[in-house]
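Asker: Pasting my_file.txt below, which is compact mmCIF, C-alpha atoms and all ligand atoms.
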```txt
# COMPACT_ATOMS: atom_id res chain seq x y z
CA MET H 1 -88.19 16.69 113.00
CA THR H 2 -91.48 15.33 111.68
CA VAL H 3 -91.98 13.98 108.17
CA LEU H 4 -93.95 17.05 107.11
CA ALA H 5 -91.38 19.47 108.52
CA LYS H 6 -88.69 17.54 106.65
CA PHE H 7 -90.76 17.68 103.49
CA ILE H 8 -91.26 21.44 103.77
CA ARG H 9 -87.54 21.90 104.41
CA LEU H 10 -86.72 19.74 101.40
CA LEU H 11 -89.03 21.77 99.14
CA VAL H 12 -87.50 24.99 100.40
CA SER H 13 -83.95 23.70 99.95
CA LEU H 14 -84.82 22.60 96.41
CA GLY H 15 -85.52 26.20 95.61
CA CYS H 16 -89.30 25.82 95.86
CA GLY H 17 -89.21 28.63 98.41
CA GLU H 18 -86.93 31.43 99.35
CA ALA H 19 -88.00 31.08 102.96
CA THR H 20 -85.75 29.68 105.61
CA MET H 21 -87.79 27.54 107.91
CA LYS H 22 -88.00 28.58 111.51
CA THR H 23 -86.37 25.85 113.63
CA SER H 24 -88.42 25.00 116.65
CA SER H 25 -86.83 25.94 119.97
CA ALA H 26 -89.61 24.16 121.87
CA PRO H 27 -88.97 20.68 123.28
CA GLN H 28 -90.11 17.92 120.94
CA GLY H 29 -93.88 17.39 120.99
CA LEU H 30 -94.65 20.74 122.66
CA ALA H 31 -96.24 23.46 120.56
CA GLU H 32 -94.51 26.83 120.62
CA ALA H 33 -96.55 29.85 121.67
CA PRO H 34 -98.07 31.40 118.55
CA ASP H 35 -96.01 34.29 117.19
CA LYS H 36 -98.54 37.11 117.16
CA THR H 37 -96.02 39.65 115.91
CA ALA H 38 -95.54 37.80 112.63
CA PRO H 39 -97.09 39.51 109.61
CA VAL H 40 -100.56 38.34 108.62
CA VAL H 41 -100.71 35.67 105.92
CA ASP H 42 -104.10 36.16 104.34
CA LEU H 43 -105.18 33.13 102.33
CA ARG H 44 -108.93 33.75 102.63
CA SER H 45 -109.22 34.89 99.02
CA ASP H 46 -107.43 36.60 96.16
CA THR H 47 -109.94 39.43 96.66
CA VAL H 48 -107.78 40.66 99.56
CA THR H 49 -104.93 41.87 97.34
CA ARG H 50 -103.89 45.52 97.70
CA PRO H 51 -103.12 47.74 94.70
CA THR H 52 -99.45 47.84 93.72
CA PRO H 53 -97.46 51.12 93.98
CA GLU H 54 -97.73 51.41 90.17
CA MET H 55 -101.52 51.09 90.40
CA ARG H 56 -101.69 53.72 93.13
CA ARG H 57 -99.64 56.15 91.04
CA ALA H 58 -101.81 55.55 87.99
CA MET H 59 -104.92 56.12 90.12
CA ALA H 60 -103.59 59.41 91.43
CA GLU H 61 -102.82 60.62 87.93
CA ALA H 62 -105.84 59.19 86.10
CA GLU H 63 -107.63 61.33 83.55
CA VAL H 64 -111.31 61.25 84.46
CA GLY H 65 -114.75 62.38 83.31
CA ASP H 66 -118.38 61.49 83.96
CA ASP H 67 -118.81 57.87 82.93
CA VAL H 68 -122.62 58.07 82.94
CA TYR H 69 -122.09 60.37 79.91
CA SER H 70 -119.44 57.87 78.65
CA GLU H 71 -116.93 60.71 79.08
CA ASP H 72 -114.35 59.07 81.29
CA PRO H 73 -111.35 58.52 79.00
CA THR H 74 -109.69 56.00 81.31
CA ILE H 75 -112.81 53.85 81.59
CA ASN H 76 -113.31 54.08 77.82
CA ARG H 77 -109.72 52.88 77.32
CA LEU H 78 -110.17 49.99 79.77
CA GLU H 79 -113.40 48.87 78.08
CA GLN H 80 -111.79 49.08 74.65
CA ARG H 81 -108.73 47.08 75.75
CA ALA H 82 -110.91 44.42 77.41
CA ALA H 83 -112.95 44.05 74.21
CA GLU H 84 -109.74 43.77 72.14
CA ILE H 85 -108.12 41.21 74.45
CA PHE H 86 -111.26 39.05 74.39
CA GLY H 87 -111.78 39.54 70.64
CA ARG H 88 -115.25 41.05 71.17
CA GLU H 89 -117.12 44.10 69.94
CA ALA H 90 -117.55 45.78 73.31
CA ALA H 91 -117.10 45.67 77.08
CA ILE H 92 -118.53 47.46 80.10
CA PHE H 93 -116.82 48.24 83.42
CA VAL H 94 -118.91 47.23 86.45
CA PRO H 95 -118.22 47.66 90.16
CA SER H 96 -118.24 43.93 90.94
CA GLY H 97 -118.25 40.46 89.47
CA THR H 98 -121.67 39.91 90.99
CA MET H 99 -123.11 42.88 89.13
CA GLY H 100 -121.51 41.74 85.86
CA ASN H 101 -122.98 38.24 86.20
CA GLN H 102 -126.41 39.47 87.20
CA ILE H 103 -126.66 41.99 84.38
CA ALA H 104 -125.81 39.21 81.92
CA ILE H 105 -128.38 36.86 83.46
CA LYS H 106 -131.04 39.58 83.33
CA LEU H 107 -130.35 40.31 79.66
CA HIS H 108 -130.26 36.68 78.56
CA THR H 109 -133.44 35.52 80.33
CA HIS H 110 -137.11 36.26 81.07
CA HIS H 111 -139.02 35.83 84.32
CA GLY H 112 -140.24 32.28 84.79
CA GLN H 113 -137.30 30.58 83.08
CA GLU H 114 -134.68 28.12 84.32
CA ILE H 115 -130.92 28.59 84.33
CA ILE H 116 -128.73 25.50 84.03
CA CYS H 117 -125.65 25.78 86.26
CA ASP H 118 -123.39 23.83 88.60
CA GLU H 119 -124.62 23.31 92.15
CA ARG H 120 -121.45 24.78 93.69
CA GLY H 121 -121.47 27.77 91.32
CA HIS H 122 -121.04 31.36 92.46
CA ILE H 123 -124.14 32.71 90.70
CA TYR H 124 -126.28 30.23 92.65
CA ASN H 125 -124.59 30.25 96.07
CA TYR H 126 -123.01 33.64 96.59
CA GLU H 127 -125.01 36.22 94.67
CA MET H 128 -127.87 36.73 97.11
CA ALA H 129 -130.44 34.75 95.08
CA MET H 130 -130.37 37.58 92.54
CA LEU H 131 -131.03 35.21 89.65
CA SER H 132 -134.48 34.82 91.23
CA ALA H 133 -134.84 38.20 92.93
CA PHE H 134 -133.82 40.28 89.92
CA SER H 135 -134.31 38.03 86.88
CA GLY H 136 -137.20 35.90 88.16
CA CYS H 137 -135.51 32.60 87.21
CA VAL H 138 -134.86 29.37 89.06
CA PRO H 139 -131.63 27.39 88.88
CA ARG H 140 -131.64 23.90 87.35
CA LEU H 141 -128.63 22.42 89.11
CA ILE H 142 -126.06 19.87 88.01
CA HIS H 143 -123.34 18.34 90.17
CA GLY H 144 -120.33 18.69 87.91
CA GLU H 145 -117.31 16.52 88.67
CA ASP H 146 -114.78 19.13 89.91
CA GLY H 147 -117.42 21.75 89.08
CA ILE H 148 -116.97 21.08 85.37
CA LEU H 149 -120.16 20.42 83.39
CA THR H 150 -120.38 18.42 80.17
CA TRP H 151 -122.74 18.77 77.23
CA ALA H 152 -124.15 15.30 77.97
CA GLU H 153 -125.22 16.50 81.46
CA VAL H 154 -126.42 19.92 80.32
CA LYS H 155 -128.46 18.45 77.48
CA LYS H 156 -130.44 16.25 79.90
CA ARG H 157 -131.46 19.32 81.95
CA ILE H 158 -132.84 21.39 79.07
CA ALA H 159 -136.59 21.63 79.66
CA PRO H 160 -138.75 19.94 77.04
CA LYS H 161 -140.80 22.42 75.06
CA ILE H 162 -144.12 21.62 76.73
CA TYR H 163 -146.42 24.47 77.73
CA TYR H 164 -146.60 23.33 81.39
CA ARG H 165 -142.81 23.21 81.90
CA ALA H 166 -140.79 26.33 82.71
CA PRO H 167 -138.50 26.85 79.73
CA THR H 168 -134.71 26.88 79.98
CA GLY H 169 -133.43 30.40 79.35
CA LEU H 170 -129.67 30.15 79.85
CA VAL H 171 -126.71 27.90 80.48
CA ALA H 172 -124.13 29.46 82.86
CA LEU H 173 -120.62 28.07 83.42
CA GLU H 174 -117.83 29.11 85.82
CA ASN H 175 -114.14 29.02 84.81
CA THR H 176 -112.08 28.60 86.87
CA HIS H 177 -114.51 26.99 89.28
CA ASN H 178 -114.04 28.63 92.63
CA MET H 179 -115.51 26.24 95.21
CA ALA H 180 -114.47 23.11 93.30
CA GLY H 181 -110.84 24.18 93.79
CA GLY H 182 -109.87 26.48 90.92
CA THR H 183 -110.60 23.82 88.32
CA MET H 184 -110.63 24.60 84.60
CA TYR H 185 -112.72 23.68 81.63
CA PRO H 186 -110.80 21.81 78.96
CA PRO H 187 -111.51 24.20 76.04
CA GLU H 188 -113.14 21.47 73.94
CA VAL H 189 -115.60 20.68 76.78
CA ALA H 190 -116.68 24.33 77.07
CA ASP H 191 -116.87 24.63 73.26
CA GLU H 192 -119.08 21.56 73.02
CA ILE H 193 -121.49 22.95 75.64
CA CYS H 194 -121.67 26.28 73.78
CA ASP H 195 -122.27 24.58 70.42
CA GLY H 196 -124.91 22.25 71.85
CA ALA H 197 -126.69 25.06 73.71
CA HIS H 198 -126.67 27.29 70.64
CA ASP H 199 -128.12 24.49 68.51
CA ALA H 200 -130.87 24.23 71.14
CA GLY H 201 -131.43 28.00 70.85
CA LEU H 202 -129.92 28.83 74.25
CA PRO H 203 -127.34 31.48 75.14
CA VAL H 204 -124.32 30.63 77.33
CA HIS H 205 -122.84 33.01 79.90
CA LEU H 206 -119.41 32.54 81.45
CA ASP H 207 -118.61 33.59 85.00
CA GLY H 208 -114.94 34.02 84.22
CA ALA H 209 -114.04 35.81 87.45
CA ARG H 210 -110.67 34.00 87.25
CA ILE H 211 -110.52 33.31 83.51
CA PHE H 212 -106.93 34.62 83.34
CA ASN H 213 -105.90 31.91 85.81
CA ALA H 214 -107.43 29.33 83.47
CA ALA H 215 -105.73 30.89 80.44
CA VAL H 216 -102.32 30.87 82.14
CA ALA H 217 -102.72 27.27 83.34
CA LEU H 218 -103.81 26.15 79.86
CA GLY H 219 -101.22 28.29 78.06
CA LYS H 220 -103.94 29.71 75.79
CA PRO H 221 -105.22 33.27 75.26
CA VAL H 222 -108.48 34.23 77.02
CA ALA H 223 -109.99 35.10 73.62
CA GLU H 224 -109.52 31.53 72.45
CA ILE H 225 -110.97 29.78 75.50
CA THR H 226 -114.02 32.09 75.70
CA ARG H 227 -114.77 32.66 72.02
CA LYS H 228 -118.01 30.64 71.90
CA PHE H 229 -119.70 32.21 74.93
CA ASP H 230 -122.36 34.84 74.36
CA SER H 231 -121.14 36.91 77.29
CA VAL H 232 -118.15 36.75 79.62
CA MET H 233 -117.66 38.42 82.99
CA PHE H 234 -114.13 38.64 84.38
CA CYS H 235 -112.74 40.29 87.53
CA LEU H 236 -109.85 42.71 87.85
CA SER H 237 -110.09 42.67 91.62
CA LYS H 238 -109.04 39.07 92.30
CA GLY H 239 -105.70 37.59 91.22
CA LEU H 240 -105.06 40.55 88.93
CA GLY H 241 -104.78 42.78 91.99
CA ALA H 242 -106.93 45.82 91.14
CA PRO H 243 -108.79 47.30 94.11
CA VAL H 244 -112.25 47.30 92.47
CA GLY H 245 -113.96 46.27 89.27
CA SER H 246 -114.96 43.68 86.73
CA LEU H 247 -115.85 43.73 83.04
CA LEU H 248 -118.59 42.19 81.00
CA VAL H 249 -117.63 41.52 77.37
CA ALA H 250 -120.03 40.63 74.55
CA SER H 251 -121.52 42.03 71.32
CA ARG H 252 -122.03 45.79 70.95
CA GLU H 253 -125.81 45.37 71.09
CA PHE H 254 -125.61 43.34 74.34
CA ILE H 255 -123.25 45.82 76.00
CA ASP H 256 -125.48 48.76 75.04
CA ARG H 257 -128.33 47.04 76.85
CA ALA H 258 -125.99 46.17 79.74
CA ARG H 259 -125.26 49.90 80.19
CA ALA H 260 -128.93 50.60 80.88
CA CYS H 261 -129.19 47.59 83.18
CA ARG H 262 -126.07 48.66 85.12
CA LYS H 263 -127.75 52.05 85.69
CA MET H 264 -130.91 50.32 86.99
CA LEU H 265 -128.75 48.64 89.62
CA GLY H 266 -127.13 51.90 90.65
CA GLY H 267 -123.87 50.93 88.98
CA GLY H 268 -123.55 54.07 86.85
CA MET H 269 -120.36 55.52 88.26
CA ARG H 270 -119.01 58.99 87.65
CA GLN H 271 -115.24 59.73 87.76
CA ALA H 272 -114.46 56.05 88.17
CA GLY H 273 -111.48 56.35 85.84
CA ILE H 274 -109.53 56.43 89.10
CA LEU H 275 -110.49 52.76 89.47
CA ALA H 276 -110.11 51.94 85.79
CA ALA H 277 -106.52 53.26 85.87
CA ALA H 278 -105.58 50.48 88.30
CA GLY H 279 -107.71 48.10 86.24
CA LEU H 280 -105.70 48.82 83.09
CA ILE H 281 -102.50 47.80 84.85
CA ALA H 282 -104.23 44.71 86.24
CA LEU H 283 -105.38 43.75 82.75
CA GLU H 284 -102.16 44.44 80.87
CA LYS H 285 -99.48 43.41 83.34
CA MET H 286 -100.77 41.11 86.01
CA PRO H 287 -101.77 37.96 84.08
CA ALA H 288 -98.05 37.34 83.48
CA ARG H 289 -97.42 36.66 87.17
CA LEU H 290 -100.36 34.33 87.92
CA GLY H 291 -98.19 31.25 87.35
CA GLU H 292 -96.41 32.12 90.60
CA ASP H 293 -99.71 31.85 92.50
CA HIS H 294 -100.41 28.51 90.85
CA ALA H 295 -96.99 27.19 91.86
CA ASN H 296 -97.58 28.35 95.44
CA ALA H 297 -100.99 26.66 95.54
CA ARG H 298 -99.44 23.40 94.30
CA PHE H 299 -96.63 23.73 96.86
CA LEU H 300 -99.22 24.13 99.64
CA ALA H 301 -101.37 21.29 98.30
CA GLU H 302 -98.48 18.84 98.12
CA ALA H 303 -97.44 19.52 101.70
CA LEU H 304 -101.01 19.59 103.06
CA ALA H 305 -101.75 16.21 101.50
CA ARG H 306 -99.14 14.76 103.88
CA VAL H 307 -100.66 16.21 107.06
CA PRO H 308 -102.45 13.47 109.03
CA GLY H 309 -106.21 13.97 108.91
CA ILE H 310 -106.16 16.20 105.82
CA LYS H 311 -107.52 14.81 102.57
CA LEU H 312 -106.73 16.28 99.18
CA ASP H 313 -105.36 15.31 95.81
CA PRO H 314 -102.65 17.82 94.82
CA SER H 315 -102.85 16.77 91.20
CA ARG H 316 -106.33 18.34 91.18
CA VAL H 317 -105.01 21.80 92.04
CA PRO H 318 -104.41 23.43 88.65
CA THR H 319 -104.58 27.11 89.60
CA ASN H 320 -104.60 29.24 92.77
CA ILE H 321 -107.34 27.67 94.92
CA VAL H 322 -106.88 24.71 97.26
CA VAL H 323 -109.95 23.07 98.80
CA PHE H 324 -109.19 20.36 101.36
CA ASP H 325 -111.09 18.10 103.73
CA ILE H 326 -110.02 18.36 107.37
CA SER H 327 -112.65 16.06 108.90
CA GLY H 328 -109.95 13.49 109.75
CA THR H 329 -108.23 15.98 112.08
CA GLY H 330 -111.18 15.95 114.51
CA MET H 331 -111.53 19.74 114.11
CA THR H 332 -114.20 21.74 112.35
CA THR H 333 -113.09 24.37 109.87
CA ALA H 334 -114.29 27.07 112.29
CA GLU H 335 -111.96 25.71 114.96
CA LEU H 336 -109.00 25.43 112.60
CA SER H 337 -109.64 28.95 111.28
CA ARG H 338 -109.74 30.31 114.82
CA ARG H 339 -106.52 28.57 115.83
CA LEU H 340 -104.76 29.71 112.68
CA ALA H 341 -105.94 33.27 113.21
CA GLU H 342 -104.23 33.20 116.63
CA ARG H 343 -101.03 32.72 114.64
CA ASN H 344 -101.92 35.47 112.14
CA ILE H 345 -102.76 32.97 109.40
CA LEU H 346 -106.16 33.65 107.81
CA MET H 347 -108.09 30.94 106.00
CA ASN H 348 -111.81 30.10 105.90
CA GLY H 349 -113.99 27.02 105.65
CA ILE H 350 -116.56 26.45 102.92
CA ASN H 351 -118.51 24.22 105.33
CA PRO H 352 -117.56 22.45 108.60
CA GLU H 353 -115.33 19.97 106.75
CA LEU H 354 -113.87 21.76 103.73
CA MET H 355 -111.27 24.52 104.02
CA ARG H 356 -110.40 26.81 101.14
CA LEU H 357 -107.17 28.69 100.69
CA VAL H 358 -106.39 31.02 97.82
CA THR H 359 -102.91 32.15 96.79
CA HIS H 360 -102.28 35.61 95.36
CA MET H 361 -99.63 38.27 94.84
CA ASP H 362 -99.57 39.34 98.50
CA VAL H 363 -98.49 35.88 99.75
CA ASP H 364 -95.07 34.71 98.69
CA ARG H 365 -93.44 31.32 99.19
CA ALA H 366 -92.15 32.30 102.64
CA ALA H 367 -95.68 33.19 103.73
CA CYS H 368 -96.98 29.88 102.38
CA THR H 369 -94.31 28.05 104.35
CA ARG H 370 -95.40 29.83 107.53
CA ALA H 371 -99.00 28.84 106.90
CA LEU H 372 -97.95 25.21 106.46
CA GLU H 373 -95.92 25.22 109.65
CA ALA H 374 -98.90 26.60 111.57
CA ILE H 375 -101.31 24.00 110.17
CA HIS H 376 -98.89 21.24 110.93
CA GLU H 377 -98.29 22.49 114.45
CA ILE H 378 -102.03 22.71 115.19
CA CYS H 379 -102.87 19.34 113.65
CA SER H 380 -100.03 17.53 115.42
CA SER H 381 -100.74 19.06 118.83
CA ARG H 382 -104.18 17.41 119.06
N1 LIG N 401 -115.75 35.26 95.00
C1 LIG N 401 -115.44 35.54 96.38
C2 LIG N 401 -116.59 35.16 97.31
O1 LIG N 401 -117.76 35.77 96.88
C3 LIG N 401 -116.83 33.68 97.42
C4 LIG N 401 -114.17 34.81 96.76
O2 LIG N 401 -113.64 35.13 97.82
O3 LIG N 401 -113.72 33.95 96.01
N2 LIG N 401 -117.67 34.76 90.43
C5 LIG N 401 -116.77 34.04 91.10
C6 LIG N 401 -116.34 32.73 90.54
C7 LIG N 401 -116.23 34.52 92.29
O4 LIG N 401 -115.33 33.78 92.93
C8 LIG N 401 -116.65 35.76 92.79
C9 LIG N 401 -116.17 36.28 94.12
C10 LIG N 401 -117.59 36.49 92.05
C11 LIG N 401 -118.08 35.95 90.86
C12 LIG N 401 -118.13 37.82 92.49
O5 LIG N 401 -117.19 38.82 92.44
P1 LIG N 401 -117.39 40.15 93.34
O6 LIG N 401 -116.91 39.79 94.71
O7 LIG N 401 -116.54 41.16 92.67
O8 LIG N 401 -118.83 40.48 93.32
```
Once you've parsed the file, please lay out its structure as structure tokens.
Answerer:
Amino acid sequence: MTVLAKFIRLLVSLGCGEATMKTSSAPQGLAEAPDKTAPVVDLRSDTVTRPTPEMRRAMAEAEVGDDVYSEDPTINRLEQRAAEIFGREAAIFVPSGTMGNQIAIKLHTHHGQEIICDERGHIYNYEMAMLSAFSGCVPRLIHGEDGILTWAEVKKRIAPKIYYRAPTGLVALENTHNMAGGTMYPPEVADEICDGAHDAGLPVHLDGARIFNAAVALGKPVAEITRKFDSVMFCLSKGLGAPVGSLLVASREFIDRARACRKMLGGGMRQAGILAAAGLIALEKMPARLGEDHANARFLAEALARVPGIKLDPSRVPTNIVVFDISGTGMTTAELSRRLAERNILMNGINPELMRLVTHMDVDRAACTRALEAIHEICSSR
């Protein structure tokens, strides 16, 4: 038995996993044929979660109305609860995190301005250049260590007030930071950026798609760690398990304007209380279980760090996302993804060298153990 296999078995026997490890029947050194009948372990993202039976029941029974007339009682309840939980005046339900972010960017900025953000950030890399296409702004990028910006770095990027320089219109942060590996802002670092930006007359938006993961990892309420931001977007459809939807929370005046902007984008939904019903369960009940996903991510990270050719520091995996460098294995991420998929393990690369895996409620410890076994088998058969 190899060192990694022993390590996995030790973790499992210590109660880190309820899985019993499959003992190889193949002769030593020979890979077994992939088991294509095994259930799929989908670690591509926490967006792949399916609604729980409780969510499906609530959806079937949801009271609904026309939300463009603000007459959907379930959406109204979800928006009110989101505002309460974040300690804000108001909230608006939007179909996606992307729409929530882009509405906020549009409302905070004017055409011809710059937005200060991290170079690996979602609003810059994965939102179809909408900050330029819709809001007419350009990003002013910073490489944040672990995706985390500091006031000292942000301050240097604020455009001087000279008529021939495009003015800065917004500072945008991401917490947790997705592509940097689910990293979190220490609350005092985020607070200092907000205070500094406000003193400079700039608003600050938070892409808090996974802010509940940050709150759980920090052991602090979301209201506390987001209180200084001018607007916060968070997703129900990631680790919280709802099928669709995100919320934007802010002042009443901002959310009233957001409602018009959502309509411009075609995001005025009608009897969407069916979705909000699942969202309410996601919001009220699901944060409590996120710690399990964080423990699974750490379990995976610790074992992966011991696979020859894989580089990662497990102590830098605070939540549910593990980003690791596989260049030392001699494979590209596309090749590893393909070989894993043959074994019903799904995981994607961020680029040819960096893989990302995301834990969530539909992958338990046994599934994580299967993913580890497959990675180990592939890497050691080269
Ligand atoms: N993230 C997705 C992909 O788009 C990369 C994922 O699989 O992680 N902000 C952050 C930080 C996000 O991670 C995402 C989605 C969004 C915004 C957008 O949310 P949706 O997909 O609802 O538009």
Asker: Using all atoms listed in the file, what residues lie at most 6 Å away from (-111.3, 41.4, 94.6) (file coordinates), given as a ChimeraX atom specification?
Answerer: /H:47,237-238
Asker: Write a file of the just-selected residues containing C-alpha atoms, as a PDB file, in the coordinates of the input.
Answerer:
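What landed in part_9.pdb:
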```pdb
ATOM      1  CA  THR H  47    -109.940  39.430  96.660  1.00  0.00           C
ATOM      2  CA  SER H 237    -110.090  42.670  91.620  1.00  0.00           C
ATOM      3  CA  LYS H 238    -109.040  39.070  92.300  1.00  0.00           C
TER       4      LYS H 238
END
```
Asker: Residues within 6 Å of ligand LIG 401 (chain N), counting all atoms listed in the file: report them as number ranges by chain.
Answerer: H: 45, 47, 96-98, 122, 126, 178, 207, 209
Asker: Show me, as a PyMOL selection string, the residues that have an atom within 12 Å of Tyr164 (chain H) when counting all atoms listed in the file, minus same-chain residues fewer than 3 positions from it.
Answerer: chain H and resi 112-113+159-161+167
Asker: Out of H:Ala217, H:Ile326, H:Ala258, H:Val358, which residue has the shortest atom-to-atom distance to Pro308 (chain H) when counting all atoms listed in the file?
Answerer: H:Ile326
Asker: In terms of the shortest atom-to-atom distance over all atoms listed in the file, which of H:Ala374, H:Ile211, H:Leu280, H:Cys194 is closest to Gly245 (chain H)?
Answerer: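 Smallest distance to Gly245 (chain H) is found for H:Leu280.
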Asker: My list of candidates is H:Arg259, H:Arg227, H:Arg270, H:Arg252. Which is closest to Asp72 (chain H) when distances are computed with all atoms listed in the file?
Answerer: H:Arg270
Asker: Quick one: everything within 7 Å of region 311-316 of chain H, counting only C-alpha atoms, minus sequence neighbours fewer than 3 positions away in the same chain. Send it as a list in words.
Answerer: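 Here the qualifying residues turn out to be Arg298, Ala301, Glu302, Ala305, Phe324, Asp325 and Ile326 of chain H.
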Asker: Of the candidates H:Gly239, H:Gly279, H:Pro318, H:Gly169, which shows the shortest atom-to-atom distance to Asp362 (chain H), using all atoms listed in the file?
Answerer: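 Nearest to Asp362 (chain H): H:Gly239.
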Asker: Can you tell me how far CA of Met286 (chain H) sits from CA of His360 (chain H), in Å to one decimal?
Answerer: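 One can read the CA of Met286 (chain H) to CA of His360 (chain H) distance as 11.0 Å.
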Asker: Rounded to one decimal, what separation in Å do you get between CA of Ala223 (chain H) and CA of Gly147 (chain H)?
Answerer: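 Spanning CA of Ala223 (chain H) to CA of Gly147 (chain H) is a straight-line distance of 21.7 Å.
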